[in-house]
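Enquirer: Coordinates in work_16.cif, mmCIF, C-alpha atoms, are listed below.
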data_entry
loop_
_atom_site.label_atom_id
_atom_site.label_comp_id
_atom_site.auth_asym_id
_atom_site.auth_seq_id
_atom_site.Cartn_x
_atom_site.Cartn_y
_atom_site.Cartn_z
CA MET R 1 102.54 59.98 89.22
CA THR R 2 103.11 61.60 85.87
CA VAL R 3 105.27 64.67 85.32
CA THR R 4 102.35 67.03 84.75
CA GLY R 5 100.63 65.50 87.74
CA TYR R 6 103.54 66.48 89.94
CA LEU R 7 104.53 69.82 88.42
CA PRO R 8 102.44 72.19 90.60
CA TYR R 9 103.75 70.63 93.81
CA ALA R 10 107.33 70.88 92.56
CA ALA R 11 106.70 74.51 91.56
CA ALA R 12 105.27 75.28 94.99
CA VAL R 13 108.29 73.73 96.75
CA TRP R 14 110.69 75.62 94.43
CA VAL R 15 108.97 78.98 95.05
CA PHE R 16 108.94 78.35 98.80
CA MET R 17 112.64 77.46 98.89
CA ILE R 18 113.79 80.32 96.78
CA GLY R 19 111.74 82.75 98.83
CA LEU R 20 113.43 81.40 101.96
CA PHE R 21 116.80 81.78 100.26
CA GLY R 22 115.95 85.42 99.60
CA ILE R 23 115.01 85.95 103.25
CA VAL R 24 118.24 84.35 104.52
CA THR R 25 120.58 86.23 102.20
CA SER R 26 118.79 89.56 102.25
CA ARG R 27 120.67 92.80 102.81
CA ASN R 28 117.69 95.10 102.86
CA LEU R 29 114.60 94.83 105.04
CA ILE R 30 112.17 95.79 102.26
CA HIS R 31 113.64 93.11 100.01
CA LEU R 32 113.10 90.68 102.88
CA ILE R 33 109.42 91.57 103.15
CA THR R 34 108.91 91.03 99.44
CA CYS R 35 110.56 87.60 99.69
CA LEU R 36 108.18 86.78 102.55
CA SER R 37 105.33 87.63 100.20
CA VAL R 38 106.78 85.23 97.63
CA VAL R 39 106.91 82.45 100.24
CA GLN R 40 103.22 83.06 100.99
CA SER R 41 102.37 82.74 97.33
CA ALA R 42 103.87 79.25 97.32
CA THR R 43 101.17 78.14 99.73
CA TYR R 44 98.45 79.45 97.41
CA ILE R 45 99.87 77.40 94.55
CA LEU R 46 99.97 74.26 96.70
CA ILE R 47 96.48 74.64 98.09
CA LEU R 48 94.85 75.35 94.75
CA ALA R 49 96.68 72.44 93.15
CA VAL R 50 95.23 70.11 95.78
CA GLY R 51 91.69 71.15 94.99
CA TYR R 52 91.82 70.91 91.22
CA ARG R 53 90.04 68.25 89.20
CA THR R 54 90.89 67.76 85.53
CA GLY R 55 88.10 68.74 83.18
CA ALA R 56 85.95 70.28 85.89
CA ALA R 57 84.51 73.77 85.79
CA ALA R 58 84.70 76.67 88.23
CA PRO R 59 82.44 76.31 91.30
CA VAL R 60 80.11 79.10 90.20
CA PHE R 61 76.75 77.88 88.97
CA ALA R 62 75.26 81.13 87.73
CA ASP R 63 75.44 80.10 84.12
CA GLN R 64 75.89 76.36 84.13
CA PRO R 65 73.55 73.57 85.22
CA VAL R 66 73.74 72.39 88.77
CA ASN R 67 75.26 68.98 88.26
CA THR R 68 78.36 69.85 86.23
CA PRO R 69 81.50 68.60 87.98
CA ALA R 70 83.32 71.49 89.60
CA VAL R 71 86.56 72.03 91.47
CA ASP R 72 86.67 72.25 95.22
CA PRO R 73 85.30 75.58 96.55
CA VAL R 74 86.67 75.15 100.07
CA VAL R 75 90.28 75.72 99.02
CA HIS R 76 89.19 78.75 96.97
CA ALA R 77 87.63 80.22 100.09
CA LEU R 78 90.82 79.68 102.09
CA ALA R 79 93.12 81.16 99.46
CA LEU R 80 90.91 84.15 98.71
CA THR R 81 90.69 85.59 102.22
CA ASP R 82 94.33 84.76 102.79
CA ILE R 83 95.50 86.89 99.85
CA VAL R 84 93.68 89.99 101.05
CA VAL R 85 94.69 89.61 104.69
CA ALA R 86 98.33 88.89 103.81
CA ALA R 87 98.52 92.18 101.91
CA THR R 88 97.49 94.01 105.05
CA VAL R 89 100.08 92.22 107.15
CA THR R 90 102.72 93.08 104.53
CA ALA R 91 101.73 96.74 104.85
CA LEU R 92 102.10 96.47 108.62
CA LEU R 93 105.59 95.01 108.25
CA VAL R 94 106.51 97.81 105.87
CA ALA R 95 105.32 100.41 108.39
CA LEU R 96 107.51 98.78 111.05
CA THR R 97 110.43 98.90 108.61
CA MET R 98 109.92 102.62 108.07
CA GLN R 99 110.01 103.14 111.83
CA VAL R 100 113.21 101.09 112.10
CA TYR R 101 114.80 103.29 109.46
CA ALA R 102 113.71 106.45 111.27
CA GLU R 103 115.24 105.16 114.51
CA ARG R 104 118.45 103.55 113.29
CA GLY R 105 119.16 105.01 109.88
CA THR R 106 119.95 101.69 108.24
CA LEU R 107 117.96 98.91 106.61
CA ASP R 108 120.64 96.25 106.57
CA PRO R 109 119.67 93.28 108.78
CA ASN R 110 123.33 92.48 109.39
CA GLU R 111 123.92 95.87 110.92
CA LEU R 112 120.82 96.01 113.09
CA ARG R 113 121.66 94.61 116.47
CA PRO R 114 118.94 93.87 119.04
CA MET R 115 118.12 96.80 121.26
CA ARG R 116 119.95 96.82 124.53
CA ASP R 117 119.24 99.11 127.41
CA MET U 1 127.77 84.00 112.34
CA ASN U 2 128.66 86.00 109.29
CA ALA U 3 126.66 86.13 106.09
CA ARG U 4 128.70 83.57 104.19
CA ALA U 5 128.41 80.92 106.88
CA ARG U 6 124.68 81.59 107.09
CA THR U 7 124.28 81.06 103.35
CA LEU U 8 126.18 77.78 103.43
CA LEU U 9 124.14 76.56 106.38
CA PHE U 10 120.95 77.45 104.56
CA LEU U 11 122.03 75.64 101.39
CA ALA U 12 122.73 72.48 103.34
CA SER U 13 119.60 72.47 105.47
CA GLY U 14 117.48 73.89 102.66
CA ALA U 15 118.35 70.96 100.45
CA LEU U 16 117.25 68.63 103.22
CA ALA U 17 114.00 70.55 103.74
CA ALA U 18 113.28 70.61 100.02
CA ALA U 19 113.84 66.86 99.78
CA LEU U 20 111.44 66.35 102.69
CA LEU U 21 108.79 68.55 101.08
CA LEU U 22 109.12 66.85 97.72
CA TRP U 23 108.80 63.44 99.32
CA GLY U 24 105.77 64.63 101.30
CA THR U 25 103.93 66.08 98.32
CA ALA U 26 104.63 62.96 96.30
CA GLY U 27 102.25 61.18 98.67
CA LEU U 28 99.37 63.40 97.61
CA PRO U 29 97.04 62.27 94.83
CA GLY U 30 98.28 63.72 91.57
CA PHE U 31 97.32 67.14 90.30
CA GLY U 32 93.86 66.90 88.81
CA ARG U 33 92.73 63.85 90.76
CA TYR U 34 90.91 65.42 93.64
CA PRO U 35 89.45 62.60 95.73
CA GLY U 36 88.15 64.33 98.82
CA PRO U 37 84.50 64.37 99.87
CA TYR U 38 84.04 67.94 101.06
CA GLY U 39 84.19 69.70 97.73
CA ASP U 40 81.73 67.30 96.16
CA ILE U 41 79.34 67.54 99.10
CA ILE U 42 79.30 71.32 99.00
CA ASN U 43 78.92 71.40 95.23
CA ALA U 44 75.91 69.11 95.52
CA VAL U 45 74.02 70.67 98.42
CA ALA U 46 74.97 74.34 98.65
CA LEU U 47 72.70 75.43 95.85
CA SER U 48 69.57 73.99 97.37
CA GLU U 49 70.51 74.65 100.98
CA ARG U 50 71.53 78.27 100.62
CA HIS U 51 70.20 79.50 97.27
CA VAL U 52 73.47 81.14 96.26
CA THR U 53 75.30 80.35 93.02
CA ASN U 54 78.80 81.50 93.94
CA LEU U 55 80.00 78.64 96.10
CA PRO U 56 83.25 80.07 97.50
CA THR U 57 81.18 82.97 98.88
CA ALA U 58 78.77 80.51 100.47
CA VAL U 59 81.72 78.68 102.02
CA ILE U 60 83.36 81.86 103.28
CA PHE U 61 80.32 83.51 104.78
CA ASP U 62 78.17 80.60 105.81
CA TYR U 63 79.75 77.18 106.03
CA ARG U 64 83.01 78.56 107.41
CA GLY U 65 81.76 81.92 108.59
CA PHE U 66 83.54 81.71 111.91
CA ASP U 67 86.97 81.49 110.25
CA THR U 68 86.16 84.53 108.14
CA LEU U 69 85.30 86.45 111.28
CA GLY U 70 88.78 85.68 112.58
CA GLU U 71 90.43 86.68 109.32
CA GLU U 72 88.49 89.92 109.15
CA TYR U 73 89.71 90.76 112.62
CA ILE U 74 93.31 90.10 111.56
CA LEU U 75 92.76 92.77 108.91
CA PHE U 76 91.15 95.12 111.41
CA THR U 77 93.94 94.68 113.95
CA SER U 78 96.72 95.12 111.36
CA VAL U 79 95.28 98.39 110.13
CA THR U 80 94.78 99.61 113.70
CA ILE U 81 98.38 98.83 114.64
CA LEU U 82 99.52 100.49 111.44
CA SER U 83 97.62 103.67 112.33
CA VAL U 84 99.18 103.68 115.78
CA ILE U 85 102.72 103.16 114.48
CA LEU U 86 102.53 105.78 111.77
CA ARG U 87 100.86 108.36 113.92
CA LYS U 88 103.96 109.74 115.60
CA ARG U 89 104.10 112.88 113.57
CA GLU U 90 105.00 116.41 114.38
CA GLY U 91 102.55 118.89 112.95
CA PRO U 92 100.20 118.62 110.00
CA PRO U 93 101.50 117.02 106.82
CA GLU U 94 103.10 119.49 104.45
CA PRO U 95 104.24 118.76 100.95
CA SER U 96 107.85 117.70 100.89
CA GLY U 97 108.30 118.42 97.23
CA ALA U 98 108.82 114.73 96.46
CA TRP U 99 106.13 114.73 93.78
CA GLY U 100 106.56 116.14 90.30
CA GLY U 101 103.41 118.16 90.68
CA PHE U 102 99.99 118.22 89.12
CA SER U 103 99.73 116.50 85.73
CA GLU U 104 96.79 117.18 83.43
CA PRO U 105 96.56 113.85 81.55
CA ILE U 106 96.74 111.83 84.75
CA ALA U 107 94.07 114.03 86.30
CA TRP U 108 91.76 113.43 83.33
CA ALA U 109 92.39 109.70 83.35
CA GLY U 110 91.80 109.54 87.09
CA TRP U 111 88.57 111.52 86.84
CA LEU U 112 87.24 109.31 84.05
CA LEU U 113 88.22 106.05 85.69
CA SER U 114 87.10 106.85 89.22
CA GLY U 115 83.39 106.65 88.40
CA VAL U 116 83.79 103.29 86.69
CA THR U 117 85.92 101.96 89.53
CA GLY U 118 83.44 103.04 92.18
CA VAL U 119 80.46 101.49 90.43
CA PHE U 120 82.38 98.32 89.64
CA GLY U 121 83.49 97.99 93.23
CA LEU U 122 79.93 98.31 94.51
CA TYR U 123 78.73 95.84 91.88
CA THR U 124 81.36 93.31 92.94
CA ILE U 125 80.39 93.59 96.59
CA LEU U 126 76.66 93.34 96.07
CA HIS U 127 76.74 90.51 93.53
CA GLY U 128 79.16 88.44 95.57
CA GLN U 129 76.72 85.63 96.07
CA LEU U 130 75.81 85.32 92.40
CA THR U 131 79.01 85.68 90.35
CA PRO U 132 82.68 85.65 91.32
CA GLY U 133 83.13 88.51 93.74
CA GLY U 134 82.31 89.31 97.29
CA GLY U 135 83.07 91.62 100.14
CA PHE U 136 86.84 91.08 100.10
CA HIS U 137 87.47 91.79 96.41
CA GLY U 138 84.94 94.59 96.13
CA GLY U 139 86.33 96.29 99.22
CA VAL U 140 89.84 96.33 97.78
CA ILE U 141 88.51 97.74 94.48
CA LEU U 142 86.80 100.55 96.37
CA ALA U 143 90.03 101.25 98.23
CA SER U 144 91.96 101.41 94.96
CA LEU U 145 89.48 104.14 94.00
CA PHE U 146 91.07 106.20 96.79
CA LEU U 147 94.49 105.53 95.36
CA LEU U 148 93.30 106.63 91.93
CA ILE U 149 91.98 109.91 93.27
CA PHE U 150 95.25 110.53 95.07
CA LEU U 151 97.24 109.90 91.89
CA ALA U 152 95.04 112.24 89.91
CA TYR U 153 95.04 115.17 92.30
CA GLU U 154 97.29 116.52 94.99
CA ALA U 155 97.64 114.90 98.37
CA ARG U 156 96.26 117.95 100.16
CA VAL U 157 93.01 117.69 98.18
CA PHE U 158 92.82 114.00 98.96
CA LEU U 159 93.38 114.42 102.66
CA ARG U 160 90.68 117.08 102.80
CA ILE U 161 88.06 114.98 101.01
CA PHE U 162 88.28 111.84 103.10
CA PRO U 163 88.21 112.53 106.81
CA LYS U 164 89.89 109.83 108.80
CA THR U 165 87.19 109.73 111.46
CA ALA U 166 84.57 108.73 108.89
CA LEU U 167 86.77 105.91 107.63
CA GLU U 168 87.42 104.63 111.12
CA ALA U 169 83.70 104.76 111.92
CA LEU U 170 82.87 102.79 108.77
CA GLU U 171 85.51 100.21 109.54
CA ALA U 172 84.17 99.73 113.05
CA LEU U 173 80.64 99.49 111.66
CA GLY U 174 81.65 96.73 109.30
CA ALA U 175 83.53 94.72 111.88
CA GLY U 176 80.90 95.15 114.57
CA GLY U 177 78.06 94.45 112.19
CA TYR U 178 79.45 91.02 111.40
CA VAL U 179 79.49 90.10 115.07
CA LEU U 180 75.98 91.46 115.60
CA VAL U 181 74.62 89.42 112.69
CA GLY U 182 76.25 86.42 114.30
CA LEU U 183 74.85 87.19 117.74
CA ALA U 184 71.26 87.70 116.58
CA PRO U 185 70.42 83.97 116.28
CA LEU U 186 71.44 83.48 119.91
CA LEU U 187 68.31 85.38 120.89
CA SER U 188 66.12 82.63 119.48
CA GLY U 189 68.11 79.80 120.96
CA ARG U 190 70.17 78.82 117.92
CA GLY U 191 73.93 78.79 117.49
CA PHE U 192 76.24 81.70 116.69
CA LEU U 193 76.19 82.70 113.00
CA THR U 194 73.26 80.45 112.04
CA ASN U 195 71.63 81.53 108.80
CA VAL U 196 68.25 82.71 110.03
CA LEU U 197 67.03 85.19 107.41
CA PRO U 198 64.68 84.03 104.62
CA LEU U 199 66.71 82.42 101.89
CA GLY U 200 65.07 84.11 98.94
CA GLN U 201 65.01 83.00 95.36
CA LEU U 202 67.97 81.55 93.49
CA GLY U 203 69.63 84.22 91.37
CA ASP U 204 68.11 87.08 93.26
CA ILE U 205 70.49 89.64 94.69
CA ARG U 206 69.05 89.28 98.17
CA ALA U 207 69.36 85.51 98.18
CA GLY U 208 71.22 83.57 100.79
CA GLY U 209 69.81 84.99 103.97
CA THR U 210 72.57 86.26 106.19
CA ILE U 211 75.16 85.67 103.44
CA ALA U 212 74.13 88.84 101.64
CA LEU U 213 74.12 90.82 104.87
CA ILE U 214 77.52 89.60 106.06
CA ASN U 215 78.88 90.15 102.56
CA ALA U 216 77.83 93.80 102.67
CA PHE U 217 79.32 94.32 106.13
CA VAL U 218 82.62 92.72 105.12
CA GLY U 219 82.70 94.85 101.97
CA VAL U 220 82.29 98.02 104.02
CA GLU U 221 84.93 96.93 106.49
CA VAL U 222 87.55 95.89 103.94
CA ALA U 223 87.00 99.06 101.89
CA ALA U 224 87.34 101.30 104.93
CA ALA U 225 90.36 99.38 106.27
CA PHE U 226 92.27 99.55 103.00
CA ALA U 227 91.28 103.18 102.49
CA LEU U 228 92.68 103.94 105.94
CA LEU U 229 95.86 102.08 105.02
CA VAL U 230 96.21 104.08 101.81
CA THR U 231 95.55 107.31 103.69
CA GLU U 232 98.23 106.55 106.28
CA PHE U 233 100.80 105.75 103.64
CA ILE U 234 99.99 108.85 101.61
CA ALA U 235 100.35 111.00 104.71
CA GLU U 236 103.75 109.35 105.20
CA ILE U 237 104.85 110.47 101.76
CA GLU U 238 103.87 114.03 102.35
CA GLN U 239 105.53 114.22 105.73
CA LYS U 240 108.56 116.41 105.89
CA GLU U 241 111.47 114.28 106.97
CA ALA U 242 111.63 114.49 110.77
CA ARG U 243 115.12 113.05 111.16
CA PRO U 244 117.92 112.97 108.59
CA MET O 1 94.75 73.36 79.01
CA ILE O 2 97.39 71.25 80.67
CA VAL O 3 100.01 72.77 78.37
CA LEU O 4 98.90 76.25 79.37
CA GLN O 5 99.02 75.39 83.06
CA SER O 6 102.47 73.84 82.82
CA LEU O 7 103.80 76.77 80.83
CA LEU O 8 102.45 79.23 83.38
CA LEU O 9 103.98 77.21 86.21
CA ALA O 10 107.37 77.41 84.51
CA PHE O 11 106.94 81.17 84.19
CA ILE O 12 105.90 81.39 87.84
CA ALA O 13 109.01 79.52 88.95
CA ALA O 14 111.19 81.83 86.86
CA GLY O 15 109.28 84.86 88.08
CA ALA O 16 109.76 83.94 91.73
CA ALA O 17 113.50 83.60 91.15
CA ALA O 18 113.49 86.98 89.39
CA VAL O 19 111.68 88.69 92.25
CA VAL O 20 114.04 87.25 94.86
CA LEU O 21 117.24 87.94 92.93
CA THR O 22 116.34 91.58 92.27
CA ARG O 23 118.13 93.28 95.12
CA ASP O 24 116.93 96.85 94.63
CA PRO O 25 113.56 97.27 96.38
CA ALA O 26 112.22 99.83 93.90
CA ARG O 27 112.73 97.47 90.97
CA GLN O 28 111.47 94.61 93.07
CA ALA O 29 108.11 96.36 93.46
CA VAL O 30 107.62 96.28 89.70
CA ALA O 31 108.79 92.67 89.52
CA MET O 32 106.32 91.79 92.28
CA GLY O 33 103.50 93.38 90.30
CA PHE O 34 104.37 91.29 87.27
CA TYR O 35 104.71 88.13 89.34
CA GLY O 36 101.23 88.80 90.73
CA LEU O 37 99.92 88.95 87.20
CA LEU O 38 101.47 85.56 86.40
CA LEU O 39 99.83 84.12 89.50
CA THR O 40 96.48 85.57 88.42
CA LEU O 41 96.79 83.86 85.04
CA TRP O 42 97.57 80.53 86.64
CA PHE O 43 94.65 80.88 89.05
CA LEU O 44 92.39 81.41 86.05
CA ALA O 45 93.87 78.39 84.28
CA VAL O 46 92.91 76.17 87.22
CA ASN O 47 89.34 77.48 87.24
CA ALA O 48 89.57 79.67 90.34
CA PRO O 49 88.01 83.00 89.28
CA ASP O 50 87.46 84.28 92.82
CA VAL O 51 91.06 83.77 93.82
CA ALA O 52 92.30 85.31 90.56
CA TYR O 53 90.12 88.38 91.15
CA SER O 54 91.51 88.76 94.64
CA GLN O 55 95.15 88.39 93.59
CA LEU O 56 94.69 90.81 90.69
CA VAL O 57 93.32 93.70 92.71
CA VAL O 58 95.67 93.20 95.63
CA GLY O 59 98.83 92.50 93.66
CA SER O 60 98.45 95.41 91.25
CA ALA O 61 97.07 98.15 93.46
CA ILE O 62 98.16 97.63 97.04
CA VAL O 63 101.46 95.76 97.19
CA PRO O 64 103.57 97.82 94.73
CA PHE O 65 102.18 101.04 96.22
CA VAL O 66 103.12 100.07 99.77
CA LEU O 67 106.61 98.92 98.72
CA LEU O 68 107.28 102.11 96.74
CA VAL O 69 106.18 104.33 99.63
CA ALA O 70 108.61 102.46 101.86
CA VAL O 71 111.42 102.92 99.33
CA SER O 72 110.76 106.64 99.03
CA ARG O 73 110.73 107.10 102.79
CA THR O 74 113.92 105.16 103.41
CA ARG O 75 116.13 106.80 100.87
CA LYS O 76 118.97 109.08 101.89
CA GLN O 77 117.55 112.47 100.96
CA PRO O 78 119.86 114.24 98.48
CA LYS O 79 120.52 117.50 100.27
#
Could you write out this file's structure as structure tokens?

Expert:
Amino acid sequence: MTVTGYLPYAAAVWVFMIGLFGIVTSRNLIHLITCLSVVQSATYILILAVGYRTGAAAPVFADQPVNTPAVDPVVHALALTDIVVAATVTALLVALTMQVYAERGTLDPNELRPMRD
Amino acid sequence: MNARARTLLFLASGALAAALLLWGTAGLPGFGRYPGPYGDIINAVALSERHVTNLPTAVIFDYRGFDTLGEEYILFTSVTILSVILRKREGPPEPSGAWGGFSEPIAWAGWLLSGVTGVFGLYTILHGQLTPGGGFHGGVILASLFLLIFLAYEARVFLRIFPKTALEALEALGAGGYVLVGLAPLLSGRGFLTNVLPLGQLGDIRAGGTIALINAFVGVEVAAAFALLVTEFIAEIEQKEARP
Amino acid sequence: MIVLQSLLLAFIAAGAAAVVLTRDPARQAVAMGFYGLLLTLWFLAVNAPDVAYSQLVVGSAIVPFVLLVAVSRTRKQPK
């Protein structure tokens, strides 16, 4: 496989790993949520790279004839809904973080111990 | 385990995981050499089978409509949980003085842009089956209209204009409407979410049968859900700090 | 086109590192907005207009707003 043929997969693995590194070494819960968002973006890069065909057009035939070669629309469908839904889940995590701050007064994961009764 | 030991453990196991991932993706066909049959099949038949020109929309709302129902309900549930979590408030929201106040240029810009944003959001939702767009994108654009109005005017004005009950009713209408459109074919003996409406003419805005209808319902639901999210967060800003 | 895609991928890799290594959440919200823009450009370069549309509206309007609200609500109030 050539270098340019492998580059998107390598980029996706790099983004995934560095996002995980950010989650592991985070000292602030909001920073951790943003790194989780970065990890999710690595999956979009991977999935769109799988569906791409060199020299093909976008899978929208409003202004091009029907038989032009196009990229795979199934992976576009998966990535598209995932982006919107992941933003909502990020907002939910942020709301939980705000509640944690209101209860405990700190956002440092090292200082937050599990609740004990 | 302290932070330093955790970092070292991650560097060791992360290198192993990265090597595994790189070896795994090297087994894929190279970037640009898509071999698989499904994309080609859908590109070839979707136009004549469904009369829509935007193929990802056809895949989302028709060929894989059941998955989209699940994803839409993830959105619905997240926003519901968010409303429940952020609802523990004492008293009505009062301005905490965190904002710099009313600003004339921002108000003008917001007023000018809000009309364009609203129309563009509606256009994106309704033309989802013809050009790139659809219920998901158009719904988020309509929700960013709410954000624009909040930035242009005060939060108290914003919270008076958009009653939360109307937003919740719209969100429920969108989510329930999707399921009802899916249940309707069961009455005539066909499967859940079969495309039963007349398919219309290619390029027409009503083309695609149930695709256009589901698209509109999803647009309403996503717009209302994100508007509710924005409303909850804005009310959080304006909340006087309950605990130090 | 392949040059553009590879260049954007290099920027995306650098951008992801920048977002992760920015420790202050308020600055990270801005970095996240810019990283979303880089992703949008790459999605356009691989002929995915729907996905680019989605990432653009979500990454510029919703995500930085939510992060900044969290930052403002979790700051020690200067009394």

Enquirer: For a quick test of understanding: name the residues of chain U lying within 12 Å of chain O when counting only C-alpha atoms, and present them as an MDAnalysis selection string.

Expert: chainID U and resid 31:32 54:57 60 96:99 117 121 124 128:148 150:151 222 226:227 229:244

Enquirer: Excluding Gly27 in chain U and its own-chain neighbours fewer than 2 positions away, which residues fall within 12 Å of it when counting all atoms listed in the file? Please give them as JSON, numbers by chain.

Expert: {"R": [1, 5, 6, 9, 50], "U": [20, 21, 22, 23, 24, 25, 29, 30, 31]}

Enquirer: Hey, can you check how far CA of Ile74 in chain U sits from CA of Asp82 in chain R?

Expert: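 Atom-to-atom, CA of Ile74 in chain U to CA of Asp82 in chain R, that is 10.3 Å.
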
Enquirer: CA of Arg50 in chain U and CA of Gln64 in chain R, how far apart in Å?

Expert: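 Interatomic distance here is 17.2 Å.
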
Enquirer: Could you tell me how far CA of Tyr35 in chain O sits from CA of Trp111 in chain U, in Å to one decimal place?

Expert: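 Those two atoms sit 28.5 Å apart.
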
Enquirer: Just want the 8 Å neighbourhood of Val71 in chain O, counted on only C-alpha atoms, with same-chain residues fewer than 3 positions away dropped. Output as a count of residues only.

Expert: 7

Enquirer: If the PyMOL selection byres ((chain U and resi 197) around 10) is run on the structure shown, which residues does it catch, given as an NGL selection string?

Expert: :U and (185 or 194-196 or 198-200 or 207-213)

Enquirer: Evaluating the PyMOL selection byres ((chain R) within 9 of (chain U)) on the displayed file yields which residues, as a PDB file with C-alpha atoms, keeping the file's coordinate frame?

Expert:
ATOM      1  CA  MET R   1     102.540  59.980  89.220  1.00  0.00           C
ATOM      2  CA  THR R   2     103.110  61.600  85.870  1.00  0.00           C
ATOM      3  CA  THR R   4     102.350  67.030  84.750  1.00  0.00           C
ATOM      4  CA  GLY R   5     100.630  65.500  87.740  1.00  0.00           C
ATOM      5  CA  TYR R   6     103.540  66.480  89.940  1.00  0.00           C
ATOM      6  CA  LEU R   7     104.530  69.820  88.420  1.00  0.00           C
ATOM      7  CA  PRO R   8     102.440  72.190  90.600  1.00  0.00           C
ATOM      8  CA  TYR R   9     103.750  70.630  93.810  1.00  0.00           C
ATOM      9  CA  ALA R  10     107.330  70.880  92.560  1.00  0.00           C
ATOM     10  CA  VAL R  13     108.290  73.730  96.750  1.00  0.00           C
ATOM     11  CA  TRP R  14     110.690  75.620  94.430  1.00  0.00           C
ATOM     12  CA  PHE R  16     108.940  78.350  98.800  1.00  0.00           C
ATOM     13  CA  MET R  17     112.640  77.460  98.890  1.00  0.00           C
ATOM     14  CA  LEU R  20     113.430  81.400 101.960  1.00  0.00           C
ATOM     15  CA  PHE R  21     116.800  81.780 100.260  1.00  0.00           C
ATOM     16  CA  VAL R  24     118.240  84.350 104.520  1.00  0.00           C
ATOM     17  CA  THR R  25     120.580  86.230 102.200  1.00  0.00           C
ATOM     18  CA  ALA R  49      96.680  72.440  93.150  1.00  0.00           C
ATOM     19  CA  VAL R  50      95.230  70.110  95.780  1.00  0.00           C
ATOM     20  CA  GLY R  51      91.690  71.150  94.990  1.00  0.00           C
ATOM     21  CA  TYR R  52      91.820  70.910  91.220  1.00  0.00           C
ATOM     22  CA  ARG R  53      90.040  68.250  89.200  1.00  0.00           C
ATOM     23  CA  THR R  54      90.890  67.760  85.530  1.00  0.00           C
ATOM     24  CA  GLY R  55      88.100  68.740  83.180  1.00  0.00           C
ATOM     25  CA  PRO R  59      82.440  76.310  91.300  1.00  0.00           C
ATOM     26  CA  VAL R  60      80.110  79.100  90.200  1.00  0.00           C
ATOM     27  CA  PHE R  61      76.750  77.880  88.970  1.00  0.00           C
ATOM     28  CA  ALA R  62      75.260  81.130  87.730  1.00  0.00           C
ATOM     29  CA  ASP R  63      75.440  80.100  84.120  1.00  0.00           C
ATOM     30  CA  VAL R  66      73.740  72.390  88.770  1.00  0.00           C
ATOM     31  CA  ASN R  67      75.260  68.980  88.260  1.00  0.00           C
ATOM     32  CA  PRO R  69      81.500  68.600  87.980  1.00  0.00           C
ATOM     33  CA  ALA R  70      83.320  71.490  89.600  1.00  0.00           C
ATOM     34  CA  VAL R  71      86.560  72.030  91.470  1.00  0.00           C
ATOM     35  CA  ASP R  72      86.670  72.250  95.220  1.00  0.00           C
ATOM     36  CA  PRO R  73      85.300  75.580  96.550  1.00  0.00           C
ATOM     37  CA  VAL R  74      86.670  75.150 100.070  1.00  0.00           C
ATOM     38  CA  VAL R  75      90.280  75.720  99.020  1.00  0.00           C
ATOM     39  CA  HIS R  76      89.190  78.750  96.970  1.00  0.00           C
ATOM     40  CA  ALA R  77      87.630  80.220 100.090  1.00  0.00           C
ATOM     41  CA  LEU R  78      90.820  79.680 102.090  1.00  0.00           C
ATOM     42  CA  LEU R  80      90.910  84.150  98.710  1.00  0.00           C
ATOM     43  CA  THR R  81      90.690  85.590 102.220  1.00  0.00           C
ATOM     44  CA  ASP R  82      94.330  84.760 102.790  1.00  0.00           C
ATOM     45  CA  VAL R  84      93.680  89.990 101.050  1.00  0.00           C
ATOM     46  CA  VAL R  85      94.690  89.610 104.690  1.00  0.00           C
ATOM     47  CA  ALA R  86      98.330  88.890 103.810  1.00  0.00           C
ATOM     48  CA  THR R  88      97.490  94.010 105.050  1.00  0.00           C
ATOM     49  CA  VAL R  89     100.080  92.220 107.150  1.00  0.00           C
ATOM     50  CA  ALA R  91     101.730  96.740 104.850  1.00  0.00           C
ATOM     51  CA  LEU R  92     102.100  96.470 108.620  1.00  0.00           C
ATOM     52  CA  LEU R  93     105.590  95.010 108.250  1.00  0.00           C
ATOM     53  CA  ALA R  95     105.320 100.410 108.390  1.00  0.00           C
ATOM     54  CA  LEU R  96     107.510  98.780 111.050  1.00  0.00           C
ATOM     55  CA  MET R  98     109.920 102.620 108.070  1.00  0.00           C
ATOM     56  CA  GLN R  99     110.010 103.140 111.830  1.00  0.00           C
ATOM     57  CA  ALA R 102     113.710 106.450 111.270  1.00  0.00           C
ATOM     58  CA  GLU R 103     115.240 105.160 114.510  1.00  0.00           C
ATOM     59  CA  GLY R 105     119.160 105.010 109.880  1.00  0.00           C
ATOM     60  CA  ASN R 110     123.330  92.480 109.390  1.00  0.00           C
TER      61      ASN R 110
END

Enquirer: At a cut-off of 6 Å, which residues of chain R touch chain O? Count all atoms listed in the file and give the answer as a list of chain:residue names.

Expert: R:Gly22, R:His31, R:Cys35, R:Ala58, R:Leu80

Enquirer: Could you check which of R:Leu29, R:Val38, R:Val3, R:Ala12 is closest to Tyr101 in chain R, using only C-alpha atoms?

Expert: R:Leu29

Enquirer: Write out as a list in words which residues come within 12 Å of Arg113 in chain R when counting all atoms listed in the file, dropping same-chain ones fewer than 5 positions away.

Expert: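 Non-adjacent residues within range: Val100, Arg104, Thr106, Leu107 and Asp108 of chain R.
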
Enquirer: May I have the residues within 8 Å of range 178-180 of chain U as an MDAnalysis selection string, using all atoms listed in the file and disregarding those fewer than 5 positions away in the same chain?

Expert: chainID U and resid 69 214 217:218

Enquirer: Considering only C-alpha atoms, state which residue in the set U:Leu16, U:Ala223, U:Ala152, U:Val119 is at the smallest distance from Gly174 in chain U.

Expert: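 Checking each candidate against Gly174 in chain U, we get U:Ala223 as the closest.
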